[in-house]
Amino acid sequence: FDPQKVTVVYILGGPGSGKGTQSAYLVRDYGFVHLSAGDLLRQEQDTKDSKYGQLIKDYIKDGKIVPMEITVKLLENAMRANLDSDGTGKFLIDGFPRKMDQAMFFEQSVCPSRCTIFLDCPEDVMRERLLDRGKTSGRADDNEESIIKRFKTFVETSMPVVDHFAEEDKVVRVPAVGTVQGVYEGVVEGLAKKGI
Ligand code: UP5
Ligand code: MG
């Protein structure tokens with residue numbers, strides 16, 4: 001992808017921090033194409049004949065990071081499918097990269113990011129939201145056991161990615177407690193400071 005023509009913004013944060021919720025507003029107001037890595041993986045898992053179906057299922061239930069070859073390929077395909085005819089595109093990539101090797105690979109071989117929105121949310125708030133959502137979501141990882149594993153992976157594996165981008169001054173950190181609208185105001189304000 002031509003970084004002159006393609007804008008990539010990541011939205012990261014712990015499980016249940018509100019990435020998907022905030023993304024919907026960003027799509028509405030900024031014209032981003034929203035690509036959730038988790039949604040793409042769940043779609044792939046449900047695709048008949050996918051050779052990765054069982055693997056993705058096992059990884060997600062365990063809150064582990066699916067090997068990046070799979071995720072990056074899904075993201076690249078989705079980006080390509082959503083490029084304008086002149087090769088321009090504006091992508092909000094949700095829940096990726098969540099491991100250092102993915103971040104390095106994507107930045108160097110797919111497209112460098114413009115910035116990262118980091119939704120900063122305490123675990124007790126996230127846990128409550130996820131358990132509540134779990135009553136109706138049907139997601140295989142919205143249960144107490146998986147949630148504990150997801151939190152552990154986030155702290156040990158994904159937070160270093162946020163820290164890495166923060167060192168490059170490319171992170172918009174937004175406290176993600178309070179109302180959805182209140183959080184969104186923080187997101188808009190943070191992006192404005194980065195000239196977006
Ligand atoms: N909610 C949201 N904001 C609220 C607010 N301000 N006040 C009150 N309630 C609020 O929100 C979660 C719930 O909270 C919803 O019910 C919402 O209404 C409410 P949501 O916007 O869905 O939060 P989000 O951060 O998107 O939570 P999600 O569960 O999607 O986060 P995860 O990071 O856990 O899930 P994801 O789909 O990204 O990944 C799932 C798994 O896929 C990973 O654990 C991993 O196994 C795998 N994966 C990879 O292997 N590689 C990848 O690159 C990506 C994923
Ligand atoms: Mg999500």
# chains A, B, ... in the order shown; residues from 1 in each chain; ligands from 1
call {"tool": "residues_around", "arguments": {"residues": "Val155 in chain A", "least_positions_apart": "6", "cutoff": "12 Å", "atoms": "only C-alpha atoms", "output": "PyMOL selection string"}}
result
chain A and resi 13-15+63+98-99+120+122-123+148-149+161-163
call {"tool": "write_last_selection", "arguments": {"atoms": "C-alpha atoms", "output": "mmCIF file, in the first residue's frame"}}
result
data_model
loop_
_atom_site.group_PDB
_atom_site.id
_atom_site.type_symbol
_atom_site.label_atom_id
_atom_site.label_comp_id
_atom_site.auth_asym_id
_atom_site.auth_seq_id
_atom_site.Cartn_x
_atom_site.Cartn_y
_atom_site.Cartn_z
ATOM 1 C CA GLY A 13 -7.291 -1.197 24.327
ATOM 2 C CA GLY A 14 -8.088 -4.105 26.598
ATOM 3 C CA PRO A 15 -10.932 -6.544 25.986
ATOM 4 C CA GLY A 63 -7.467 -15.489 24.636
ATOM 5 C CA ARG A 98 -1.587 -6.870 19.627
ATOM 6 C CA LYS A 99 1.879 -8.398 19.629
ATOM 7 C CA ASP A 120 -7.390 3.103 28.714
ATOM 8 C CA PRO A 122 -9.514 -0.512 34.320
ATOM 9 C CA GLU A 123 -10.008 -4.277 34.367
ATOM 10 C CA ILE A 148 -9.058 -13.802 32.724
ATOM 11 C CA LYS A 149 -6.881 -15.192 29.924
ATOM 12 C CA VAL A 161 2.854 -2.537 21.471
ATOM 13 C CA VAL A 162 1.069 0.510 22.881
ATOM 14 C CA ASP A 163 4.189 1.443 24.850
#
call {"tool": "residues_around", "arguments": {"residues": "Glu145 in chain A", "least_positions_apart": "5", "cutoff": "10 Å", "atoms": "only C-alpha atoms", "output": "tab-separated table (two decimals) with N, CA and C atoms, in the first residue's frame"}}
result
chain	number	residue	atom	x	y	z
A	61	LYS	N	-10.83	-18.73	22.20
A	61	LYS	CA	-11.37	-19.19	23.47
A	61	LYS	C	-10.33	-19.07	24.58
A	62	ASP	N	-9.06	-19.29	24.19
A	62	ASP	CA	-7.96	-19.22	25.15
A	62	ASP	C	-7.40	-17.81	25.31
A	63	GLY	N	-7.96	-16.86	24.56
A	63	GLY	CA	-7.47	-15.49	24.64
A	63	GLY	C	-6.04	-15.33	24.13
A	150	ARG	N	-7.78	-13.41	28.53
A	150	ARG	CA	-7.67	-12.26	27.61
A	150	ARG	C	-6.96	-11.10	28.31
call {"tool": "closest_atom_pairs", "arguments": {"of": "chain A", "to": "ligand 2", "cutoff": "9 Å", "atoms": "only C-alpha atoms and all ligand atoms", "output": "CSV"}}
result
residue,atom,partner,partner_atom_place_in_ligand_line,distance
A:Pro15,CA,ligand 2,1 (Mg),7.4
A:Gly16,CA,ligand 2,1 (Mg),7.0
A:Ser17,CA,ligand 2,1 (Mg),8.4
A:Gly18,CA,ligand 2,1 (Mg),6.9
A:Lys19,CA,ligand 2,1 (Mg),5.4
A:Gly20,CA,ligand 2,1 (Mg),4.3
A:Thr21,CA,ligand 2,1 (Mg),7.6
A:Ser23,CA,ligand 2,1 (Mg),9.0
A:Ser36,CA,ligand 2,1 (Mg),6.7
A:Ala37,CA,ligand 2,1 (Mg),8.4
A:Gly38,CA,ligand 2,1 (Mg),6.6
A:Asp39,CA,ligand 2,1 (Mg),7.4
A:Asp94,CA,ligand 2,1 (Mg),7.0
A:Gly95,CA,ligand 2,1 (Mg),6.9
call {"tool": "select_by_dssp", "arguments": {"residues": "range 52-186 of chain A", "states": "strand (DSSP E or B)", "output": "ChimeraX atom specification"}}
result
/A:89-94,115-120,171-175
call {"tool": "atom_distance", "arguments": {"atom1": "CA of Lys57 in chain A", "atom2": "CA of Phe151 in chain A"}}
result
17.8 Å
call {"tool": "closest_residue", "arguments": {"among": "A:Leu41, A:Ala81, A:Leu12, A:Ala192", "to": "Ile93 in chain A", "atoms": "only C-alpha atoms"}}
result
A:Leu12
call {"tool": "select_by_dssp", "arguments": {"residues": "chain A", "states": "helix (DSSP H, G or I)", "output": "NGL selection string"}}
result
:A and (19-30 or 37-46 or 53-61 or 68-81 or 100-110 or 123-137 or 144-167 or 180-193)
call {"tool": "atom_distance", "arguments": {"atom1": "CA of Met100 in chain A", "atom2": "CA of Ser158 in chain A"}}
result
7.5 Å
call {"tool": "atom_distance", "arguments": {"atom1": "atom 4 (C, counted along the ligand's line) of ligand 1", "atom2": "CA of Lys152 in chain A"}}
result
20.8 Å
call {"tool": "closest_residue", "arguments": {"among": "A:Ala176, A:Gly195, A:Phe91, A:Phe105", "to": "Phe32 in chain A", "atoms": "only C-alpha atoms"}}
result
A:Phe91
